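Trainee: Have a look at this one.
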Amino acid sequence: MNRNFGIQDGSRKGFVIAVDGPAASGKGTIARALAKHFGLPHMDTGLLYRAVALKIWRWGGDPNIEFEALRACDNLGFDPDDEELRSEPISRIASKISSYASVRDALLQRQRDFAAQEGGAVLDGRDIGTVIAPEADVKLFVTASAEVRAQRRVRELLERGMPGHYDDVLLDIRARDERDATREIAPLLQAQDADLLDTSDLTAEQAIAEAIRLVEHKLANA
């Protein structure tokens, strides 16, 4: 496979894959699998917002105050394996603070630097193909029905020993979808040149196989 792709110019080795989509669509699982398959580093950009949210939570801060959210972006270090990062309270706070322009600006360069590294990269989030890496070589928009995503999230929470109630999770996912899609700054959108991958009726293995096929097809025809 020819790997002379890159978001800066054709002389760079490696290529960039942008994976976007709503919560619990399977984009994280797919992005990690793509990174492993193609030997690329991976960034879950949502973890940055979750890390800020967790910092606010542990401070006892107010996520409704933009300045407090911005302060939490300073010296942002976190353990990606911290289970609390993926809890529902942190998810709700992360969704809230991601609508703040100052917070997005504070985290923007960190994400763009990761995308621009020489060896290529895989990034997943809400605005990778539209804002972070608009010139990515391959863009996927991964989605699924709200009902399926709620079922997945409940299963994930229960497997981690956390409480998960379907009706509450479904309500939260629908509210988050609305908030992500209608925010003024970097709303959740499918980039015009992104391939749509609906995982509603696919197993994780099937979704990963289809994602690999889409990426390989795009690169072969680039």
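Ligands are numbered from 1 in the order shown, residues from 1 within each chain, and chains are lettered A, B, ... in the order they appear in the structure tokens.
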Please run DSSP on the backbone and report, as an MDAnalysis selection string, all residues within segment 147-192 of chain A that come out as helix (DSSP H, G or I).

Mentor: chainID A and resid 147:159 166:182

Trainee: For the selection just defined, write its residues with C-alpha atoms to a file, as a PDB file, in the first residue's frame.

Mentor:
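Generated output (selection_0.pdb):
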ATOM      1  CA  GLU A 147     -31.907   3.112  21.016  1.00  0.00           C
ATOM      2  CA  VAL A 148     -29.009   0.865  20.023  1.00  0.00           C
ATOM      3  CA  ARG A 149     -26.486   3.329  21.420  1.00  0.00           C
ATOM      4  CA  ALA A 150     -28.346   3.479  24.727  1.00  0.00           C
ATOM      5  CA  GLN A 151     -28.317  -0.311  24.969  1.00  0.00           C
ATOM      6  CA  ARG A 152     -24.580  -0.343  24.316  1.00  0.00           C
ATOM      7  CA  ARG A 153     -23.877   2.329  26.898  1.00  0.00           C
ATOM      8  CA  VAL A 154     -25.934   0.542  29.576  1.00  0.00           C
ATOM      9  CA  ARG A 155     -24.086  -2.713  28.842  1.00  0.00           C
ATOM     10  CA  GLU A 156     -20.749  -0.894  29.045  1.00  0.00           C
ATOM     11  CA  LEU A 157     -21.640   0.717  32.372  1.00  0.00           C
ATOM     12  CA  LEU A 158     -22.845  -2.537  33.896  1.00  0.00           C
ATOM     13  CA  GLU A 159     -19.675  -4.335  32.753  1.00  0.00           C
ATOM     14  CA  TYR A 166     -31.833   2.277  29.927  1.00  0.00           C
ATOM     15  CA  ASP A 167     -34.504   5.000  30.036  1.00  0.00           C
ATOM     16  CA  ASP A 168     -32.166   7.468  31.726  1.00  0.00           C
ATOM     17  CA  VAL A 169     -29.301   6.686  29.373  1.00  0.00           C
ATOM     18  CA  LEU A 170     -31.524   6.984  26.288  1.00  0.00           C
ATOM     19  CA  LEU A 171     -32.817  10.353  27.456  1.00  0.00           C
ATOM     20  CA  ASP A 172     -29.267  11.534  28.082  1.00  0.00           C
ATOM     21  CA  ILE A 173     -28.038  10.350  24.672  1.00  0.00           C
ATOM     22  CA  ARG A 174     -30.853  12.147  22.862  1.00  0.00           C
ATOM     23  CA  ALA A 175     -30.171  15.328  24.825  1.00  0.00           C
ATOM     24  CA  ARG A 176     -26.459  15.044  24.082  1.00  0.00           C
ATOM     25  CA  ASP A 177     -27.135  14.511  20.373  1.00  0.00           C
ATOM     26  CA  GLU A 178     -29.261  17.646  20.301  1.00  0.00           C
ATOM     27  CA  ARG A 179     -26.653  19.648  22.190  1.00  0.00           C
ATOM     28  CA  ASP A 180     -23.761  18.411  20.030  1.00  0.00           C
ATOM     29  CA  ALA A 181     -25.584  18.994  16.747  1.00  0.00           C
ATOM     30  CA  THR A 182     -26.907  22.476  17.543  1.00  0.00           C
TER      31      THR A 182
END

Trainee: Give me the residues of segment 80-185 of chain A that have any atom at most 8 Å from an atom of segment 59-75 of chain A; for each, the nearest atom pair and the distance in Å, rounded to one decimal. Use only C-alpha atoms, sort by chain and number, and format it as CSV.

Mentor:
residue,atom,partner,partner_atom,distance
A:Ile93,CA,A:Pro63,CA,6.4
A:Lys96,CA,A:Pro63,CA,7.1
A:Ile97,CA,A:Pro63,CA,6.4
A:Tyr100,CA,A:Glu66,CA,6.5
A:Ser102,CA,A:Leu70,CA,6.4
A:Val103,CA,A:Leu70,CA,5.3
A:Ala106,CA,A:Cys73,CA,6.8
A:Leu107,CA,A:Cys73,CA,7.5

Trainee: Applying 10 Å and only C-alpha atoms, which residues near Ala115 of chain A remain after dropping the ones on its own chain fewer than 2 positions away? List them as a list in words.

Mentor: Gly6, Ile7, Gln8, Phe15, Val16, Ile17, Ala18, Pro41, His42, Met43, Gln109, Arg110, Gln111, Arg112, Asp113, Gln117, Glu118, Gly119, Gly120, Ala121, Val122, Leu123, Ile128, Ile132, Ala133 and Ala136 of chain A

Trainee: Write out the residues from the selection above, keeping N, CA, C and O atoms, as a short mmCIF file (atom, residue, chain, number, x, y, z; two decimals), in the first residue's frame.

Mentor:
data_model
loop_
_atom_site.label_atom_id
_atom_site.label_comp_id
_atom_site.auth_asym_id
_atom_site.auth_seq_id
_atom_site.Cartn_x
_atom_site.Cartn_y
_atom_site.Cartn_z
N GLY A 6 -0.89 12.57 3.75
CA GLY A 6 -0.75 13.39 4.94
C GLY A 6 -1.56 14.65 4.82
O GLY A 6 -1.83 15.11 3.71
N ILE A 7 -1.94 15.25 5.95
CA ILE A 7 -2.80 16.42 5.88
C ILE A 7 -2.03 17.68 5.53
O ILE A 7 -2.62 18.69 5.23
N GLN A 8 -0.68 17.62 5.53
CA GLN A 8 0.09 18.80 5.19
C GLN A 8 0.51 18.79 3.72
O GLN A 8 0.28 19.72 2.99
N PHE A 15 -0.60 8.48 6.99
CA PHE A 15 -1.85 9.14 6.60
C PHE A 15 -2.69 9.36 7.83
O PHE A 15 -2.44 8.79 8.89
N VAL A 16 -3.67 10.22 7.69
CA VAL A 16 -4.51 10.60 8.82
C VAL A 16 -5.93 10.11 8.59
O VAL A 16 -6.50 10.31 7.51
N ILE A 17 -6.48 9.45 9.60
CA ILE A 17 -7.86 8.96 9.55
C ILE A 17 -8.66 9.71 10.61
O ILE A 17 -8.31 9.70 11.79
N ALA A 18 -9.73 10.35 10.19
CA ALA A 18 -10.63 11.07 11.09
C ALA A 18 -11.90 10.25 11.28
O ALA A 18 -12.56 9.89 10.29
N PRO A 41 -0.64 5.83 15.54
CA PRO A 41 -1.02 6.27 16.90
C PRO A 41 -2.47 6.75 16.91
O PRO A 41 -2.97 7.24 15.89
N HIS A 42 -3.10 6.62 18.05
CA HIS A 42 -4.53 6.94 18.16
C HIS A 42 -4.77 7.94 19.28
O HIS A 42 -4.17 7.85 20.35
N MET A 43 -5.68 8.89 19.02
CA MET A 43 -6.12 9.81 20.06
C MET A 43 -7.63 9.81 20.14
O MET A 43 -8.31 10.06 19.15
N GLN A 109 -5.11 23.02 19.76
CA GLN A 109 -3.76 22.82 19.23
C GLN A 109 -3.20 21.46 19.60
O GLN A 109 -2.47 20.83 18.82
N ARG A 110 -3.54 21.00 20.79
CA ARG A 110 -3.08 19.67 21.23
C ARG A 110 -3.56 18.59 20.27
O ARG A 110 -2.82 17.67 19.92
N GLN A 111 -4.79 18.71 19.81
CA GLN A 111 -5.35 17.74 18.88
C GLN A 111 -4.75 17.88 17.49
O GLN A 111 -4.43 16.89 16.82
N ARG A 112 -4.59 19.13 17.03
CA ARG A 112 -4.01 19.35 15.70
C ARG A 112 -2.56 18.91 15.63
O ARG A 112 -2.12 18.38 14.60
N ASP A 113 -1.81 19.12 16.70
CA ASP A 113 -0.42 18.67 16.73
C ASP A 113 -0.35 17.15 16.61
O ASP A 113 0.53 16.60 15.93
N GLN A 117 1.45 14.91 13.24
CA GLN A 117 2.73 14.24 13.45
C GLN A 117 3.13 13.47 12.20
O GLN A 117 2.31 13.01 11.41
N GLU A 118 4.42 13.32 12.03
CA GLU A 118 4.97 12.82 10.77
C GLU A 118 4.48 11.44 10.38
O GLU A 118 4.29 11.15 9.21
N GLY A 119 4.29 10.57 11.35
CA GLY A 119 3.94 9.20 11.01
C GLY A 119 2.49 8.94 10.67
O GLY A 119 2.11 7.83 10.36
N GLY A 120 1.65 10.00 10.73
CA GLY A 120 0.22 9.79 10.53
C GLY A 120 -0.47 9.52 11.85
O GLY A 120 0.18 9.39 12.89
N ALA A 121 -1.80 9.42 11.82
CA ALA A 121 -2.53 9.24 13.07
C ALA A 121 -3.99 8.89 12.80
O ALA A 121 -4.49 9.10 11.69
N VAL A 122 -4.63 8.36 13.83
CA VAL A 122 -6.07 8.14 13.84
C VAL A 122 -6.63 8.95 15.01
O VAL A 122 -6.12 8.83 16.13
N LEU A 123 -7.64 9.77 14.75
CA LEU A 123 -8.28 10.54 15.81
C LEU A 123 -9.77 10.30 15.74
O LEU A 123 -10.35 10.22 14.64
N ILE A 128 -13.48 16.01 14.17
CA ILE A 128 -12.15 15.74 13.63
C ILE A 128 -12.11 16.06 12.12
O ILE A 128 -11.22 16.78 11.66
N ILE A 132 -10.68 19.73 13.34
CA ILE A 132 -9.34 19.37 13.79
C ILE A 132 -8.44 19.01 12.61
O ILE A 132 -7.32 19.50 12.48
N ALA A 133 -8.90 18.12 11.75
CA ALA A 133 -8.10 17.68 10.60
C ALA A 133 -8.98 17.65 9.35
O ALA A 133 -9.28 16.59 8.80
N ALA A 136 -7.82 15.55 6.40
CA ALA A 136 -7.48 14.15 6.65
C ALA A 136 -7.66 13.32 5.39
O ALA A 136 -8.54 13.58 4.57
#

Trainee: May I ask for the distance between atom CA of Glu84 of chain A and atom CA of Leu202 of chain A, given in Å to one decimal place?

Mentor: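 About the pair atom CA of Glu84 of chain A and atom CA of Leu202 of chain A: they are 28.0 Å apart.
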
Trainee: Rank A:Gln192, A:Ser25, A:Ser98, A:Ser91 by their smallest atom-to-atom distance to Thr130 of chain A, using only C-alpha atoms, and report the top residue only.

Mentor: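 Result for the nearest residue to Thr130 of chain A: A:Gln192.
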
Trainee: Would you work out the distance separating atom CA of Thr29 of chain A from atom CA of Arg58 of chain A, expressed in Å to one decimal?

Mentor: 27.6 Å

Trainee: Determine the nearest neighbour of Leu140 of chain A from the options A:Arg50, A:His37, A:His165, A:Lys218, counting only C-alpha atoms.

Mentor: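 Looking at the shortest contact to Leu140 of chain A, the residue is A:Lys218.
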
Trainee: Contacts of Arg160 of chain A at 10 Å or less, counting only C-alpha atoms, minus same-chain residues fewer than 6 places along, as a ChimeraX atom specification?

Mentor: /A:83,86-87,154

Trainee: My list of candidates is A:Ala24, A:Leu47, A:Leu196, A:Met162. Which is closest to Asp81 of chain A when distances are computed with only C-alpha atoms?

Mentor: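 Among A:Ala24, A:Leu47, A:Leu196, A:Met162, it is A:Leu47 that comes nearest to Asp81 of chain A.
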
Trainee: Identify which of the residues A:Gly129, A:Gly14, A:Gly46, A:Pro80 lies closest to Arg104 of chain A, counting only C-alpha atoms when measuring atom-to-atom distances.

Mentor: A:Gly46

Trainee: Measuring between only C-alpha atoms, which one of A:Leu76, A:Ala116, A:Val142, A:Ile90 shows the shortest distance to Leu188 of chain A?

Mentor: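 For Leu188 of chain A, the nearest of the candidates is A:Val142.
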
Trainee: Pick out each residue of segment 162-211 of chain A that DSSP on the backbone tags as strand (DSSP E); I need them as a PyMOL selection string.

Mentor: chain A and resi 195-198
